[in-house]
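Q: final.tsv is reproduced in full below (TSV, C-alpha atoms).
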chain	number	residue	atom	x	y	z
B	21	THR	CA	10.16	11.89	38.11
B	22	ALA	CA	11.96	10.05	40.91
B	23	VAL	CA	15.06	12.18	40.39
B	24	GLN	CA	13.07	15.38	40.81
B	25	GLN	CA	11.41	14.03	43.96
B	26	LEU	CA	14.80	13.23	45.49
B	27	LEU	CA	16.15	16.66	44.57
B	28	VAL	CA	13.10	18.34	46.12
B	29	GLN	CA	13.54	16.30	49.31
B	30	HIS	CA	17.22	17.25	49.45
B	31	LEU	CA	16.30	20.90	48.95
B	32	SER	CA	13.67	20.80	51.71
B	33	HIS	CA	16.11	19.24	54.21
B	34	THR	CA	19.23	21.27	53.41
B	35	SER	CA	17.85	24.45	51.78
B	36	CYS	CA	20.32	24.03	48.92
B	37	LYS	CA	20.62	22.04	45.73
B	38	PRO	CA	23.46	19.52	45.31
B	39	GLY	CA	26.33	20.80	43.25
B	40	CYS	CA	27.24	17.32	42.04
B	41	LEU	CA	25.56	13.94	41.64
B	42	ILE	CA	27.52	10.69	42.02
B	43	ILE	CA	25.46	7.81	40.66
B	44	TYR	CA	26.17	4.09	40.88
B	45	ARG	CA	24.03	2.07	38.48
B	46	ASP	CA	23.55	-1.70	38.76
B	47	GLY	CA	22.22	-4.20	36.26
B	48	VAL	CA	23.79	-2.93	33.03
B	49	SER	CA	25.59	-5.20	30.58
B	50	ASP	CA	28.44	-4.12	28.32
B	51	ALA	CA	26.09	-3.99	25.35
B	52	GLU	CA	23.86	-1.44	27.14
B	53	LEU	CA	26.57	0.96	28.27
B	54	GLU	CA	26.27	3.42	25.41
B	55	SER	CA	22.47	3.56	25.56
B	56	VAL	CA	22.63	4.13	29.32
B	57	ARG	CA	25.16	6.90	28.79
B	58	GLN	CA	22.91	8.65	26.30
B	59	LEU	CA	19.47	8.07	27.83
B	60	GLU	CA	19.91	7.95	31.60
B	61	VAL	CA	22.61	10.58	32.02
B	62	GLY	CA	20.63	12.88	29.75
B	63	GLY	CA	17.48	12.11	31.74
B	64	PHE	CA	19.19	13.08	35.00
B	65	LEU	CA	20.30	16.40	33.55
B	66	GLU	CA	16.86	17.08	32.09
B	67	ALA	CA	15.26	16.43	35.47
B	68	CYS	CA	17.67	18.91	37.05
B	69	SER	CA	16.90	21.59	34.46
B	70	GLN	CA	13.16	21.12	35.04
B	71	LEU	CA	13.65	21.68	38.76
B	72	GLU	CA	15.17	25.10	38.10
B	73	GLU	CA	16.21	26.77	34.88
B	74	GLY	CA	19.98	26.85	34.55
B	75	TYR	CA	20.54	24.27	37.29
B	76	ARG	CA	23.28	21.95	36.02
B	77	PRO	CA	25.12	19.88	38.64
B	78	ARG	CA	28.27	18.02	37.72
B	79	VAL	CA	27.67	14.30	37.30
B	80	VAL	CA	29.78	11.22	37.99
B	81	TYR	CA	28.10	8.09	36.61
B	82	LEU	CA	29.36	4.56	37.25
B	83	VAL	CA	28.03	1.12	36.37
B	84	VAL	CA	28.53	-1.72	38.87
B	85	GLN	CA	28.84	-5.29	37.58
B	86	LYS	CA	29.03	-8.48	39.62
B	87	ARG	CA	28.15	-11.02	36.94
B	88	HIS	CA	31.53	-11.74	35.43
B	89	ASN	CA	34.00	-14.62	35.49
B	90	VAL	CA	37.10	-12.77	36.71
B	91	ARG	CA	38.73	-13.97	39.95
B	92	PHE	CA	41.89	-12.80	41.70
B	93	PHE	CA	44.22	-14.92	43.84
B	94	THR	CA	47.38	-14.32	45.82
B	95	ALA	CA	50.59	-15.63	44.27
B	96	ASP	CA	51.73	-17.39	47.43
B	97	GLY	CA	48.34	-18.84	48.35
B	98	SER	CA	48.09	-16.89	51.61
B	99	ASN	CA	44.72	-15.95	53.09
B	100	LYS	CA	43.12	-19.00	51.43
B	101	GLY	CA	44.21	-17.55	48.09
B	102	ASN	CA	42.01	-14.47	48.44
B	103	VAL	CA	43.42	-11.01	47.81
B	104	ALA	CA	43.32	-8.42	50.59
B	105	PRO	CA	40.33	-6.10	51.01
B	106	GLY	CA	40.82	-2.90	49.05
B	107	THR	CA	42.71	-4.56	46.20
B	108	VAL	CA	42.26	-2.70	42.91
B	109	VAL	CA	43.13	-3.99	39.43
B	110	ASP	CA	43.00	-1.30	36.75
B	111	HIS	CA	45.44	-2.47	34.06
B	112	THR	CA	46.33	-5.43	31.83
B	113	ILE	CA	42.98	-7.25	32.07
B	114	VAL	CA	40.63	-4.26	31.92
B	115	SER	CA	39.01	-2.90	28.78
B	116	PRO	CA	41.28	-0.89	26.46
B	117	TRP	CA	38.35	1.38	25.53
B	118	LEU	CA	36.52	1.91	28.84
B	119	PHE	CA	37.40	3.62	32.12
B	120	ASP	CA	36.91	0.53	34.30
B	121	PHE	CA	38.53	-1.23	37.23
B	122	TYR	CA	38.02	-4.20	39.53
B	123	LEU	CA	37.72	-3.58	43.26
B	124	ASN	CA	37.83	-6.36	45.85
B	125	SER	CA	36.56	-4.32	48.79
B	126	HIS	CA	35.58	-7.12	51.17
B	127	ALA	CA	37.19	-10.03	52.97
B	128	ALA	CA	35.67	-13.37	52.04
B	129	ILE	CA	34.48	-15.31	55.08
B	130	ILE	CA	33.91	-18.54	53.16
B	131	GLY	CA	35.15	-19.48	49.71
B	132	THR	CA	36.63	-17.26	47.02
B	133	SER	CA	36.07	-13.52	47.08
B	134	LYS	CA	34.64	-11.98	43.93
B	135	ALA	CA	35.65	-8.46	42.99
B	136	ALA	CA	33.12	-6.02	41.58
B	137	ARG	CA	33.74	-4.34	38.26
B	138	TYR	CA	33.12	-0.60	38.07
B	139	ILE	CA	32.80	1.22	34.75
B	140	CYS	CA	32.89	5.02	34.80
B	141	LEU	CA	30.75	6.47	32.01
B	142	LEU	CA	31.11	10.12	33.05
B	143	ASP	CA	33.44	11.95	35.43
B	144	GLU	CA	32.71	15.67	35.43
B	145	LEU	CA	34.27	16.10	38.89
B	146	GLY	CA	37.67	15.02	37.64
B	147	PHE	CA	38.13	12.27	40.22
B	148	GLY	CA	40.61	10.38	38.08
B	149	SER	CA	41.49	6.74	38.62
B	150	ASP	CA	42.95	6.93	42.14
B	151	GLY	CA	40.31	9.29	43.50
B	152	LEU	CA	37.39	7.33	42.10
B	153	GLN	CA	38.77	4.00	43.29
B	154	THR	CA	39.40	5.35	46.80
B	155	PHE	CA	35.96	6.93	47.05
B	156	THR	CA	34.31	3.73	45.81
B	157	ASN	CA	36.19	1.66	48.37
B	158	TRP	CA	35.11	4.02	51.16
B	159	LEU	CA	31.47	3.62	50.16
B	160	CYS	CA	31.76	-0.13	50.71
B	161	TYR	CA	32.24	0.55	54.44
B	162	LEU	CA	28.96	2.48	54.84
B	163	TYR	CA	26.48	-0.39	54.75
B	164	CYS	CA	24.59	-0.15	58.04
B	165	ARG	CA	23.82	-3.86	58.32
B	166	CYS	CA	27.48	-4.85	58.44
B	167	ALA	CA	30.39	-3.67	60.57
B	168	ARG	CA	32.90	-4.45	57.82
B	169	ALA	CA	33.29	-3.73	54.14
B	170	VAL	CA	30.79	-5.28	51.73
B	171	SER	CA	31.39	-6.42	48.16
B	172	ILE	CA	29.69	-3.50	46.37
B	173	VAL	CA	29.01	0.11	47.30
B	174	ALA	CA	26.36	0.68	49.96
B	175	PRO	CA	23.95	2.73	47.75
B	176	VAL	CA	23.58	-0.24	45.40
B	177	TYR	CA	22.85	-2.55	48.34
B	178	TYR	CA	20.22	-0.10	49.59
B	179	ALA	CA	18.65	0.00	46.13
B	180	HIS	CA	18.35	-3.79	46.23
B	181	LEU	CA	16.70	-3.67	49.65
B	182	LEU	CA	14.25	-1.03	48.46
B	183	ALA	CA	13.34	-3.07	45.39
B	184	PHE	CA	12.67	-6.17	47.53
B	185	ARG	CA	10.58	-4.14	49.98
B	186	ALA	CA	8.57	-2.62	47.12
B	187	ARG	CA	7.77	-6.12	45.93
B	188	ARG	CA	6.54	-7.04	49.42
B	189	LEU	CA	4.41	-3.88	49.55
B	190	SER	CA	2.75	-4.73	46.26
B	191	ASP	CA	-0.91	-5.68	46.60
B	192	ASP	CA	-0.65	-8.64	44.24
B	193	VAL	CA	2.45	-10.60	45.21
B	194	SER	CA	0.70	-13.65	46.62
B	195	GLU	CA	1.26	-17.05	45.02
B	196	ASP	CA	-2.37	-17.23	43.89
B	197	SER	CA	-2.27	-13.91	42.10
B	198	ALA	CA	1.15	-14.74	40.63
B	199	SER	CA	-0.17	-18.01	39.22
B	200	LEU	CA	-3.19	-16.21	37.80
B	201	ARG	CA	-0.98	-13.63	36.11
B	202	SER	CA	1.32	-16.30	34.69
B	203	GLY	CA	-1.64	-18.30	33.38
B	204	SER	CA	-3.47	-15.38	31.83
B	205	SER	CA	-2.94	-14.50	28.20
B	206	GLY	CA	-3.57	-10.78	28.61
B	207	SER	CA	-1.00	-8.12	29.24
B	208	SER	CA	0.34	-7.78	32.77
B	209	SER	CA	-1.12	-4.96	34.84
B	210	VAL	CA	0.86	-2.29	36.63
B	211	PRO	CA	1.52	-3.46	40.20
B	212	ARG	CA	-0.38	-1.66	42.93
B	213	PHE	CA	1.31	-0.84	46.20
B	214	GLY	CA	-0.18	-0.88	49.65
B	215	GLN	CA	-0.47	2.15	51.87
B	216	TYR	CA	2.20	3.07	54.39
B	217	ALA	CA	2.75	5.97	56.76
B	218	PRO	CA	3.49	9.16	54.79
B	219	GLN	CA	6.25	10.14	57.23
B	220	LEU	CA	8.25	7.20	55.90
B	221	ASP	CA	8.66	8.83	52.49
B	222	SER	CA	11.94	10.44	53.48
B	223	LYS	CA	13.11	7.62	55.76
B	224	MET	CA	15.19	4.54	54.96
B	225	PHE	CA	12.49	2.28	56.34
B	226	PHE	CA	13.51	-0.53	53.97
B	227	VAL	CA	16.75	-1.14	55.92
As structure tokens, how would this structure be written, given the file I've shared?
A:
Amino acid sequence: TAVQQLLVQHLSHTSCKPGCLIIYRDGVSDAELESVRQLEVGGFLEACSQLEEGYRPRVVYLVVQKRHNVRFFTADGSNKGNVAPGTVVDHTIVSPWLFDFYLNSHAAIIGTSKAARYICLLDELGFGSDGLQTFTNWLCYLYCRCARAVSIVAPVYYAHLLAFRARRLSDDVSEDSASLRSGSSGSSSVPRFGQYAPQLDSKMFFV
């Protein structure tokens, strides 16, 4: 699996296995949270146990959501009404059943800033609210394409870039082939990907 491949790469570069895994997951709705908790977290742990018997890293698993209708504004209308970067809201308007919070990590250049919602499904490291919020805010400053904080954590941005690059590397992404696939009545085929230099396997070439 992809998780095992990443663990093997980490082991080959550092000669040790990670003692903890901090995972930020994008594209999950509230209705899918429980299934993600059961299936994906269990899948990560199973992949770890298959790498080596008895290997069980501690896991922190968070879901990142941007598609919501919550906005935050300053009471006095300063800074064009936008709240300051690093603003966290973790009470009153959050879920009474979930460990979630809103983090406005970036400064809006134009328009209204939109905070990201983070939902913690598992915290085996014992971060707690303050620790997890601080760590998440720090990750928003690590995006290499920008010299300032971005709206969501850098690993999620990198995952988006990798997905877009994978689409470009696919052998059948042209408009003609896309129209043929959309017009055909048969089942869609598994996309084929073009060849690239093998030394790029462990590089962030998609950046």
Q: When distances are computed from only C-alpha atoms, which of B:Ile113, B:Leu59, B:His126, B:Asp150 shows the smallest separation from Ala167 (chain B)?
A: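 That would be B:His126, the residue with the smallest distance to Ala167 (chain B).
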Q: So the first atom is CA of Tyr81 (chain B) and the second is CA of Tyr161 (chain B); what is the distance between them in Å, to one decimal place?
A: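 If I compute the distance from CA of Tyr81 (chain B) to CA of Tyr161 (chain B), I get 19.8 Å.
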Q: CA of Val83 (chain B) and CA of Glu66 (chain B) are how many Å apart?
A: 19.9 Å
Q: Between B:Leu142, B:Val227, B:Val79, B:Arg185, which is the closest to Cys164 (chain B) once you count only C-alpha atoms?
A: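 Closest to Cys164 (chain B) of all the choices is B:Val227.
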Q: Would you mind listing what lies within 12 Å of Lys100 (chain B) as a compact mmCIF listing (two decimals) with C-alpha atoms, keeping the file's coordinate frame, with all atoms listed in the file counted and same-chain residues fewer than 3 positions away left out?
A:
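Okay, around_13.txt is ready:
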# COMPACT_ATOMS: atom_id res chain seq x y z
CA PHE B 92 41.89 -12.80 41.70
CA PHE B 93 44.22 -14.92 43.84
CA THR B 94 47.38 -14.32 45.82
CA ALA B 95 50.59 -15.63 44.27
CA ASP B 96 51.73 -17.39 47.43
CA GLY B 97 48.34 -18.84 48.35
CA VAL B 103 43.42 -11.01 47.81
CA ALA B 104 43.32 -8.42 50.59
CA ALA B 127 37.19 -10.03 52.97
CA ALA B 128 35.67 -13.37 52.04
CA ILE B 129 34.48 -15.31 55.08
CA ILE B 130 33.91 -18.54 53.16
CA GLY B 131 35.15 -19.48 49.71
CA THR B 132 36.63 -17.26 47.02
CA SER B 133 36.07 -13.52 47.08
